[in-house]
$ cat query-v5.pdb   # PDB, C-alpha atoms
ATOM      1  CA  MET A   1      68.036  90.138  58.156  1.00  0.00           C
ATOM      2  CA  THR A   2      69.837  88.985  55.003  1.00  0.00           C
ATOM      3  CA  THR A   3      68.435  88.955  51.483  1.00  0.00           C
ATOM      4  CA  VAL A   4      69.506  85.726  49.809  1.00  0.00           C
ATOM      5  CA  ARG A   5      69.583  85.636  46.015  1.00  0.00           C
ATOM      6  CA  ILE A   6      69.107  82.181  44.501  1.00  0.00           C
ATOM      7  CA  PHE A   7      70.468  81.728  40.967  1.00  0.00           C
ATOM      8  CA  PHE A   8      69.163  78.951  38.760  1.00  0.00           C
ATOM      9  CA  GLU A   9      68.921  77.611  35.224  1.00  0.00           C
ATOM     10  CA  LYS A  10      65.554  77.036  33.571  1.00  0.00           C
ATOM     11  CA  ARG A  11      66.019  74.756  30.580  1.00  0.00           C
ATOM     12  CA  GLY A  12      64.416  72.012  28.551  1.00  0.00           C
ATOM     13  CA  GLU A  13      60.827  71.214  29.496  1.00  0.00           C
ATOM     14  CA  ALA A  14      61.084  73.628  32.456  1.00  0.00           C
ATOM     15  CA  ALA A  15      60.933  76.458  29.903  1.00  0.00           C
ATOM     16  CA  TYR A  16      57.192  75.791  29.741  1.00  0.00           C
ATOM     17  CA  ILE A  17      56.633  76.421  33.451  1.00  0.00           C
ATOM     18  CA  SER A  18      54.836  79.757  33.708  1.00  0.00           C
ATOM     19  CA  LEU A  19      55.815  82.434  36.216  1.00  0.00           C
ATOM     20  CA  LEU A  20      52.788  81.683  38.383  1.00  0.00           C
ATOM     21  CA  ASP A  21      53.624  77.979  38.465  1.00  0.00           C
ATOM     22  CA  LEU A  22      57.306  78.771  39.059  1.00  0.00           C
ATOM     23  CA  GLN A  23      56.320  80.811  42.112  1.00  0.00           C
ATOM     24  CA  ARG A  24      54.316  77.839  43.379  1.00  0.00           C
ATOM     25  CA  VAL A  25      57.275  75.523  42.764  1.00  0.00           C
ATOM     26  CA  PHE A  26      59.658  77.679  44.777  1.00  0.00           C
ATOM     27  CA  HIS A  27      57.187  78.245  47.618  1.00  0.00           C
ATOM     28  CA  ARG A  28      56.683  74.493  47.975  1.00  0.00           C
ATOM     29  CA  VAL A  29      60.383  73.669  47.646  1.00  0.00           C
ATOM     30  CA  LEU A  30      61.363  76.301  50.214  1.00  0.00           C
ATOM     31  CA  LYS A  31      58.842  74.893  52.668  1.00  0.00           C
ATOM     32  CA  ARG A  32      59.956  71.289  52.111  1.00  0.00           C
ATOM     33  CA  SER A  33      63.645  72.220  52.357  1.00  0.00           C
ATOM     34  CA  GLY A  34      63.311  73.425  55.947  1.00  0.00           C
ATOM     35  CA  LEU A  35      65.557  76.403  55.249  1.00  0.00           C
ATOM     36  CA  PRO A  36      65.214  79.364  57.661  1.00  0.00           C
ATOM     37  CA  VAL A  37      63.352  81.710  55.292  1.00  0.00           C
ATOM     38  CA  TRP A  38      61.465  84.745  56.547  1.00  0.00           C
ATOM     39  CA  TYR A  39      57.694  84.925  56.377  1.00  0.00           C
ATOM     40  CA  THR A  40      55.690  88.110  55.956  1.00  0.00           C
ATOM     41  CA  GLN A  41      53.738  89.334  58.953  1.00  0.00           C
ATOM     42  CA  GLY A  42      49.981  89.669  59.249  1.00  0.00           C
ATOM     43  CA  PHE A  43      46.840  87.534  59.059  1.00  0.00           C
ATOM     44  CA  ASN A  44      48.131  85.284  56.251  1.00  0.00           C
ATOM     45  CA  PRO A  45      51.926  84.889  56.579  1.00  0.00           C
ATOM     46  CA  HIS A  46      53.764  83.643  53.491  1.00  0.00           C
ATOM     47  CA  ILE A  47      57.362  83.358  52.331  1.00  0.00           C
ATOM     48  CA  TYR A  48      58.759  86.594  50.924  1.00  0.00           C
ATOM     49  CA  LEU A  49      59.778  85.645  47.391  1.00  0.00           C
ATOM     50  CA  ALA A  50      60.555  87.853  44.383  1.00  0.00           C
ATOM     51  CA  PHE A  51      61.811  86.967  40.892  1.00  0.00           C
ATOM     52  CA  SER A  52      64.006  89.148  38.682  1.00  0.00           C
ATOM     53  CA  ASN A  53      62.732  89.783  35.135  1.00  0.00           C
ATOM     54  CA  PRO A  54      60.795  86.555  34.551  1.00  0.00           C
ATOM     55  CA  LEU A  55      61.127  84.828  31.186  1.00  0.00           C
ATOM     56  CA  SER A  56      58.445  84.429  28.573  1.00  0.00           C
ATOM     57  CA  LEU A  57      56.980  80.949  28.251  1.00  0.00           C
ATOM     58  CA  GLY A  58      59.087  78.675  26.067  1.00  0.00           C
ATOM     59  CA  GLN A  59      62.337  80.596  26.532  1.00  0.00           C
ATOM     60  CA  GLU A  60      65.317  79.133  28.396  1.00  0.00           C
ATOM     61  CA  SER A  61      67.873  80.752  30.662  1.00  0.00           C
ATOM     62  CA  VAL A  62      71.106  80.084  32.525  1.00  0.00           C
ATOM     63  CA  CYS A  63      70.880  83.249  34.647  1.00  0.00           C
ATOM     64  CA  GLU A  64      67.498  83.320  36.406  1.00  0.00           C
ATOM     65  CA  SER A  65      67.274  84.412  40.014  1.00  0.00           C
ATOM     66  CA  CYS A  66      64.877  84.986  42.863  1.00  0.00           C
ATOM     67  CA  GLU A  67      65.355  86.309  46.354  1.00  0.00           C
ATOM     68  CA  VAL A  68      64.148  85.444  49.833  1.00  0.00           C
ATOM     69  CA  LYS A  69      64.966  86.814  53.266  1.00  0.00           C
ATOM     70  CA  THR A  70      66.441  85.004  56.237  1.00  0.00           C
ATOM     71  CA  GLU A  71      67.182  85.915  59.828  1.00  0.00           C
ATOM     72  CA  ALA A  72      70.069  83.440  59.939  1.00  0.00           C
ATOM     73  CA  GLU A  73      73.249  85.293  60.858  1.00  0.00           C
ATOM     74  CA  ALA A  74      75.616  83.283  58.651  1.00  0.00           C
ATOM     75  CA  PRO A  75      73.726  81.304  55.985  1.00  0.00           C
ATOM     76  CA  ASP A  76      75.488  78.211  54.648  1.00  0.00           C
ATOM     77  CA  TYR A  77      74.976  78.942  50.948  1.00  0.00           C
ATOM     78  CA  PRO A  78      76.227  75.611  49.547  1.00  0.00           C
ATOM     79  CA  ALA A  79      73.828  73.870  51.953  1.00  0.00           C
ATOM     80  CA  TRP A  80      71.005  76.099  50.649  1.00  0.00           C
ATOM     81  CA  CYS A  81      71.768  74.994  47.078  1.00  0.00           C
ATOM     82  CA  ALA A  82      71.801  71.314  48.000  1.00  0.00           C
ATOM     83  CA  ALA A  83      68.584  71.571  50.031  1.00  0.00           C
ATOM     84  CA  LEU A  84      66.735  73.325  47.211  1.00  0.00           C
ATOM     85  CA  GLN A  85      68.001  71.150  44.372  1.00  0.00           C
ATOM     86  CA  ARG A  86      66.799  68.022  46.163  1.00  0.00           C
ATOM     87  CA  TYR A  87      63.164  68.949  45.441  1.00  0.00           C
ATOM     88  CA  MET A  88      63.412  70.841  42.157  1.00  0.00           C
ATOM     89  CA  PRO A  89      61.604  69.571  39.049  1.00  0.00           C
ATOM     90  CA  ARG A  90      63.602  68.460  36.019  1.00  0.00           C
ATOM     91  CA  GLY A  91      65.108  71.358  34.082  1.00  0.00           C
ATOM     92  CA  ILE A  92      65.555  73.723  37.042  1.00  0.00           C
ATOM     93  CA  ILE A  93      69.128  73.651  38.310  1.00  0.00           C
ATOM     94  CA  ILE A  94      70.225  75.704  41.313  1.00  0.00           C
ATOM     95  CA  THR A  95      73.633  77.123  40.428  1.00  0.00           C
ATOM     96  CA  ARG A  96      74.395  79.469  43.306  1.00  0.00           C
ATOM     97  CA  ALA A  97      73.044  81.172  46.413  1.00  0.00           C
ATOM     98  CA  ALA A  98      74.612  84.349  47.755  1.00  0.00           C
ATOM     99  CA  PRO A  99      73.805  87.655  49.478  1.00  0.00           C
ATOM    100  CA  ALA A 100      71.971  89.999  47.118  1.00  0.00           C
ATOM    101  CA  VAL A 101      74.301  92.726  45.846  1.00  0.00           C
ATOM    102  CA  HIS A 102      72.177  94.767  43.430  1.00  0.00           C
ATOM    103  CA  LYS A 103      68.518  95.738  43.568  1.00  0.00           C
ATOM    104  CA  MET A 104      66.338  94.099  40.929  1.00  0.00           C
ATOM    105  CA  GLY A 105      65.388  97.520  39.602  1.00  0.00           C
ATOM    106  CA  ALA A 106      69.026  98.055  38.576  1.00  0.00           C
ATOM    107  CA  ILE A 107      68.725  95.530  35.727  1.00  0.00           C
ATOM    108  CA  ALA A 108      68.940  97.418  32.431  1.00  0.00           C
ATOM    109  CA  SER A 109      69.401  94.793  29.715  1.00  0.00           C
ATOM    110  CA  ALA A 110      69.721  91.096  28.980  1.00  0.00           C
ATOM    111  CA  ARG A 111      71.962  89.094  26.694  1.00  0.00           C
ATOM    112  CA  TYR A 112      70.444  86.318  24.601  1.00  0.00           C
ATOM    113  CA  ARG A 113      71.618  83.505  22.366  1.00  0.00           C
ATOM    114  CA  LEU A 114      69.265  82.997  19.440  1.00  0.00           C
ATOM    115  CA  THR A 115      69.692  79.673  17.632  1.00  0.00           C
ATOM    116  CA  LEU A 116      68.145  79.354  14.157  1.00  0.00           C
ATOM    117  CA  PRO A 117      68.195  76.676  11.459  1.00  0.00           C
ATOM    118  CA  ALA A 118      70.711  77.214   8.640  1.00  0.00           C
ATOM    119  CA  ALA A 119      67.764  77.914   6.319  1.00  0.00           C
ATOM    120  CA  ALA A 120      67.267  81.219   8.175  1.00  0.00           C
ATOM    121  CA  ALA A 121      70.238  82.819   6.362  1.00  0.00           C
ATOM    122  CA  PRO A 122      68.039  84.644   3.783  1.00  0.00           C
ATOM    123  CA  ALA A 123      65.909  86.066   6.607  1.00  0.00           C
ATOM    124  CA  LEU A 124      69.008  87.441   8.345  1.00  0.00           C
ATOM    125  CA  ASP A 125      70.284  88.919   5.091  1.00  0.00           C
ATOM    126  CA  ALA A 126      66.909  90.557   4.440  1.00  0.00           C
ATOM    127  CA  TYR A 127      66.846  92.010   7.967  1.00  0.00           C
ATOM    128  CA  ASN A 128      70.342  93.458   7.598  1.00  0.00           C
ATOM    129  CA  ALA A 129      69.494  94.956   4.196  1.00  0.00           C
ATOM    130  CA  ALA A 130      66.197  96.516   5.342  1.00  0.00           C
ATOM    131  CA  ALA A 131      66.002 100.196   6.248  1.00  0.00           C
ATOM    132  CA  ALA A 132      63.550  99.422   9.070  1.00  0.00           C
ATOM    133  CA  ALA A 133      62.129  96.428  10.931  1.00  0.00           C
ATOM    134  CA  PRO A 134      58.814  97.499  12.489  1.00  0.00           C
ATOM    135  CA  VAL A 135      57.183  95.250  15.086  1.00  0.00           C
ATOM    136  CA  THR A 136      54.093  95.638  17.251  1.00  0.00           C
ATOM    137  CA  LYS A 137      54.597  95.349  20.986  1.00  0.00           C
ATOM    138  CA  LYS A 138      51.657  94.747  23.302  1.00  0.00           C
ATOM    139  CA  THR A 139      51.691  96.674  26.574  1.00  0.00           C
ATOM    140  CA  LYS A 140      49.276  97.241  29.447  1.00  0.00           C
ATOM    141  CA  ARG A 141      48.270 100.480  27.740  1.00  0.00           C
ATOM    142  CA  GLY A 142      47.653  98.866  24.375  1.00  0.00           C
ATOM    143  CA  GLU A 143      49.870  98.317  21.365  1.00  0.00           C
ATOM    144  CA  LYS A 144      52.758 100.357  20.016  1.00  0.00           C
ATOM    145  CA  THR A 145      55.018 100.026  16.995  1.00  0.00           C
ATOM    146  CA  LEU A 146      58.786  99.824  17.452  1.00  0.00           C
ATOM    147  CA  ASP A 147      61.625  99.681  14.953  1.00  0.00           C
ATOM    148  CA  LEU A 148      63.924  96.813  15.902  1.00  0.00           C
ATOM    149  CA  LYS A 149      66.694  98.363  13.818  1.00  0.00           C
ATOM    150  CA  SER A 150      67.013 101.104  16.425  1.00  0.00           C
ATOM    151  CA  TYR A 151      67.999  98.409  18.954  1.00  0.00           C
ATOM    152  CA  LEU A 152      69.689  95.920  16.616  1.00  0.00           C
ATOM    153  CA  PRO A 153      71.008  97.704  13.506  1.00  0.00           C
ATOM    154  CA  ALA A 154      72.460  94.444  12.155  1.00  0.00           C
ATOM    155  CA  LEU A 155      72.520  90.776  13.086  1.00  0.00           C
ATOM    156  CA  ALA A 156      75.755  88.812  12.929  1.00  0.00           C
ATOM    157  CA  ALA A 157      75.427  85.018  12.884  1.00  0.00           C
ATOM    158  CA  ARG A 158      78.011  82.284  13.230  1.00  0.00           C
ATOM    159  CA  GLU A 159      77.632  78.715  12.061  1.00  0.00           C
ATOM    160  CA  GLU A 160      77.430  75.956  14.661  1.00  0.00           C
ATOM    161  CA  GLY A 161      76.833  72.625  12.976  1.00  0.00           C
ATOM    162  CA  GLU A 162      73.564  72.929  11.065  1.00  0.00           C
ATOM    163  CA  SER A 163      72.485  76.030  12.992  1.00  0.00           C
ATOM    164  CA  LEU A 164      73.068  79.770  12.923  1.00  0.00           C
ATOM    165  CA  VAL A 165      73.679  81.468  16.271  1.00  0.00           C
ATOM    166  CA  CYS A 166      73.175  85.167  17.004  1.00  0.00           C
ATOM    167  CA  THR A 167      74.147  86.910  20.241  1.00  0.00           C
ATOM    168  CA  LEU A 168      72.031  89.944  21.105  1.00  0.00           C
ATOM    169  CA  THR A 169      71.595  92.414  23.922  1.00  0.00           C
ATOM    170  CA  LEU A 170      68.149  93.933  24.438  1.00  0.00           C
ATOM    171  CA  PRO A 171      66.698  96.334  27.033  1.00  0.00           C
ATOM    172  CA  CYS A 172      65.207  94.456  29.964  1.00  0.00           C
ATOM    173  CA  ALA A 173      64.302  97.097  32.548  1.00  0.00           C
ATOM    174  CA  ALA A 174      61.413  96.196  34.845  1.00  0.00           C
ATOM    175  CA  ASP A 175      60.030  99.743  34.879  1.00  0.00           C
ATOM    176  CA  GLY A 176      61.251 101.008  31.503  1.00  0.00           C
ATOM    177  CA  ASP A 177      62.219  99.622  28.093  1.00  0.00           C
ATOM    178  CA  ASN A 178      61.743  95.876  27.881  1.00  0.00           C
ATOM    179  CA  LEU A 179      62.101  94.164  24.524  1.00  0.00           C
ATOM    180  CA  ASN A 180      61.216  90.485  24.181  1.00  0.00           C
ATOM    181  CA  PRO A 181      63.508  88.579  21.760  1.00  0.00           C
ATOM    182  CA  ALA A 182      60.378  86.783  20.515  1.00  0.00           C
ATOM    183  CA  LEU A 183      59.570  90.044  18.677  1.00  0.00           C
ATOM    184  CA  LEU A 184      62.788  89.644  16.693  1.00  0.00           C
ATOM    185  CA  LEU A 185      61.973  86.030  15.948  1.00  0.00           C
ATOM    186  CA  GLY A 186      58.563  87.011  14.597  1.00  0.00           C
ATOM    187  CA  CYS A 187      60.164  89.746  12.511  1.00  0.00           C
ATOM    188  CA  LEU A 188      62.668  87.286  11.029  1.00  0.00           C
ATOM    189  CA  GLN A 189      59.827  84.930  10.155  1.00  0.00           C
ATOM    190  CA  GLY A 190      58.279  87.760   8.156  1.00  0.00           C
ATOM    191  CA  PHE A 191      61.535  88.551   6.354  1.00  0.00           C
ATOM    192  CA  GLY A 192      62.077  84.842   5.714  1.00  0.00           C
ATOM    193  CA  ALA A 193      58.623  84.391   4.197  1.00  0.00           C
ATOM    194  CA  ALA A 194      59.216  87.374   1.892  1.00  0.00           C
ATOM    195  CA  ALA A 195      62.538  85.859   0.812  1.00  0.00           C
ATOM    196  CA  GLY A 196      61.006  82.428   0.220  1.00  0.00           C
ATOM    197  CA  ALA A 197      62.628  80.870   3.288  1.00  0.00           C
ATOM    198  CA  LYS A 198      60.154  79.480   5.800  1.00  0.00           C
ATOM    199  CA  LEU A 199      61.382  79.799   9.380  1.00  0.00           C
ATOM    200  CA  GLU A 200      59.576  77.281  11.602  1.00  0.00           C
ATOM    201  CA  PRO A 201      59.358  78.581  15.187  1.00  0.00           C
ATOM    202  CA  TRP A 202      59.814  75.116  16.716  1.00  0.00           C
ATOM    203  CA  ARG A 203      63.294  74.976  15.153  1.00  0.00           C
ATOM    204  CA  CYS A 204      64.347  78.203  16.867  1.00  0.00           C
ATOM    205  CA  ARG A 205      65.625  78.562  20.412  1.00  0.00           C
ATOM    206  CA  ILE A 206      65.948  81.562  22.702  1.00  0.00           C
ATOM    207  CA  LEU A 207      68.387  81.268  25.617  1.00  0.00           C
ATOM    208  CA  ARG A 208      69.014  84.107  28.070  1.00  0.00           C
ATOM    209  CA  THR A 209      72.663  84.091  29.106  1.00  0.00           C
ATOM    210  CA  ALA A 210      73.077  87.193  31.301  1.00  0.00           C
ATOM    211  CA  LEU A 211      71.238  90.008  33.046  1.00  0.00           C
ATOM    212  CA  LEU A 212      73.189  93.255  32.908  1.00  0.00           C
ATOM    213  CA  LEU A 213      73.355  96.574  34.737  1.00  0.00           C
ATOM    214  CA  ALA A 214      73.451  99.933  32.952  1.00  0.00           C
ATOM    215  CA  ASP A 215      77.272  99.891  32.902  1.00  0.00           C
ATOM    216  CA  GLY A 216      77.339  96.458  31.264  1.00  0.00           C
ATOM    217  CA  SER A 217      78.399  94.549  34.401  1.00  0.00           C
ATOM    218  CA  THR A 218      76.602  91.382  35.457  1.00  0.00           C
ATOM    219  CA  PHE A 219      73.647  91.534  37.840  1.00  0.00           C
ATOM    220  CA  CYS A 220      74.336  89.678  41.069  1.00  0.00           C
TER     221      CYS A 220
END
$ encode --input "query-v5.pdb" --output "structure tokens"
Amino acid sequence: MTTVRIFFEKRGEAAYISLLDLQRVFHRVLKRSGLPVWYTQGFNPHIYLAFSNPLSLGQESVCESCEVKTEAEAPDYPAWCAALQRYMPRGIIITRAAPAVHKMGAIASARYRLTLPAAAAPALDAYNAAAAAPVTKKTKRGEKTLDLKSYLPALAAREEGESLVCTLTLPCAADGDNLNPALLLGCLQGFGAAAGAKLEPWRCRILRTALLLADGSTFC
């Protein structure tokens, strides 16, 4: 039995498809595609399907993936991509299908592209000048306070048209440290307000560009 990893982009309006709805989308598409996927055994068989580090609602990505199993001896991966894309909703683009190389638990961090309006410059300056940047993270066990400066000591931004773009790498382990870039965005809004620069969230964009292993190589 082969584990097939399906890589896809989730952009535009598809960013507002929740994980639960995304699971439903893929289950339905896999059934309609007629691909030889493996079903679990038992009283209520269903397609084995698992997603790697799902995104928060409203965030986009070019490196999402899920995996299924197949008993096919030599899967035709380009044919898998074409069969899946035929039924996908707008904003979800199948980019590749291949044998799974790494276990999902090996993911250690993620790289993001944070796009901000040019008016966010004072907020970035205030963050870089601050000794600490405390944020509150909600977990299953309650809330805890983290200092973002311990993960991102400074933020470097480059100008792209009328926007500022920051590239960041944050921990993204499924069973360990996991830091949502939305925490940084909220922190910058606070710094911006203190500096007299309002940072509207609808003018900001979070795009995940890579999932990384502990050694910095790309998850595949």
$ closest_residue --input "query-v5.pdb" --among "A:Gly58, A:Arg111, A:Tyr77, A:Asn180" --to "A:Trp202" --atoms "all atoms listed in the file"
A:Gly58
$ resolve_selection --input "query-v5.pdb" --expression "the PyMOL selection byres ((chain A and resi 99) around 10)" --output "mmCIF file with C-alpha atoms, in the coordinates of the input"
data_model
loop_
_atom_site.group_PDB
_atom_site.id
_atom_site.type_symbol
_atom_site.label_atom_id
_atom_site.label_comp_id
_atom_site.auth_asym_id
_atom_site.auth_seq_id
_atom_site.Cartn_x
_atom_site.Cartn_y
_atom_site.Cartn_z
ATOM 1 C CA THR A 2 69.837 88.985 55.003
ATOM 2 C CA THR A 3 68.435 88.955 51.483
ATOM 3 C CA VAL A 4 69.506 85.726 49.809
ATOM 4 C CA ARG A 5 69.583 85.636 46.015
ATOM 5 C CA ILE A 6 69.107 82.181 44.501
ATOM 6 C CA GLU A 67 65.355 86.309 46.354
ATOM 7 C CA VAL A 68 64.148 85.444 49.833
ATOM 8 C CA LYS A 69 64.966 86.814 53.266
ATOM 9 C CA PRO A 75 73.726 81.304 55.985
ATOM 10 C CA TYR A 77 74.976 78.942 50.948
ATOM 11 C CA ALA A 97 73.044 81.172 46.413
ATOM 12 C CA ALA A 98 74.612 84.349 47.755
ATOM 13 C CA ALA A 100 71.971 89.999 47.118
ATOM 14 C CA VAL A 101 74.301 92.726 45.846
ATOM 15 C CA HIS A 102 72.177 94.767 43.430
ATOM 16 C CA CYS A 220 74.336 89.678 41.069
#
$ resolve_selection --input "query-v5.pdb" --expression "the PyMOL selection byres ((chain A and resi 85) around 12)" --output "list in words"
Ile6, Phe7, Phe8, Glu9, Val25, Phe26, Val29, Leu30, Arg32, Ser33, Pro78, Ala79, Trp80, Cys81, Ala82, Ala83, Leu84, Arg86, Tyr87, Met88, Pro89, Arg90, Gly91, Ile92, Ile93, Ile94, Thr95, Arg96 and Ala97 of chain A
$ write_last_selection --input "query-v5.pdb" --atoms "C-alpha atoms" --output "PDB file, in the frame of the given file"
ATOM      1  CA  ILE A   6      69.107  82.181  44.501  1.00  0.00           C
ATOM      2  CA  PHE A   7      70.468  81.728  40.967  1.00  0.00           C
ATOM      3  CA  PHE A   8      69.163  78.951  38.760  1.00  0.00           C
ATOM      4  CA  GLU A   9      68.921  77.611  35.224  1.00  0.00           C
ATOM      5  CA  VAL A  25      57.275  75.523  42.764  1.00  0.00           C
ATOM      6  CA  PHE A  26      59.658  77.679  44.777  1.00  0.00           C
ATOM      7  CA  VAL A  29      60.383  73.669  47.646  1.00  0.00           C
ATOM      8  CA  LEU A  30      61.363  76.301  50.214  1.00  0.00           C
ATOM      9  CA  ARG A  32      59.956  71.289  52.111  1.00  0.00           C
ATOM     10  CA  SER A  33      63.645  72.220  52.357  1.00  0.00           C
ATOM     11  CA  PRO A  78      76.227  75.611  49.547  1.00  0.00           C
ATOM     12  CA  ALA A  79      73.828  73.870  51.953  1.00  0.00           C
ATOM     13  CA  TRP A  80      71.005  76.099  50.649  1.00  0.00           C
ATOM     14  CA  CYS A  81      71.768  74.994  47.078  1.00  0.00           C
ATOM     15  CA  ALA A  82      71.801  71.314  48.000  1.00  0.00           C
ATOM     16  CA  ALA A  83      68.584  71.571  50.031  1.00  0.00           C
ATOM     17  CA  LEU A  84      66.735  73.325  47.211  1.00  0.00           C
ATOM     18  CA  ARG A  86      66.799  68.022  46.163  1.00  0.00           C
ATOM     19  CA  TYR A  87      63.164  68.949  45.441  1.00  0.00           C
ATOM     20  CA  MET A  88      63.412  70.841  42.157  1.00  0.00           C
ATOM     21  CA  PRO A  89      61.604  69.571  39.049  1.00  0.00           C
ATOM     22  CA  ARG A  90      63.602  68.460  36.019  1.00  0.00           C
ATOM     23  CA  GLY A  91      65.108  71.358  34.082  1.00  0.00           C
ATOM     24  CA  ILE A  92      65.555  73.723  37.042  1.00  0.00           C
ATOM     25  CA  ILE A  93      69.128  73.651  38.310  1.00  0.00           C
ATOM     26  CA  ILE A  94      70.225  75.704  41.313  1.00  0.00           C
ATOM     27  CA  THR A  95      73.633  77.123  40.428  1.00  0.00           C
ATOM     28  CA  ARG A  96      74.395  79.469  43.306  1.00  0.00           C
ATOM     29  CA  ALA A  97      73.044  81.172  46.413  1.00  0.00           C
TER      30      ALA A  97
END
$ closest_residue --input "query-v5.pdb" --among "A:Leu146, A:Pro122, A:Tyr39, A:Ala15" --to "A:Thr70" --atoms "all atoms listed in the file"
A:Tyr39
$ resolve_selection --input "query-v5.pdb" --expression "the PyMOL selection byres ((chain A and resi 189) around 12)" --output "PyMOL selection string"
chain A and resi 116-117+119-124+126-127+133+135+182-188+190-204
$ closest_residue --input "query-v5.pdb" --among "A:Leu213, A:Ala130, A:Ile206, A:Ala173" --to "A:Leu155" --atoms "only C-alpha atoms"
A:Ala130
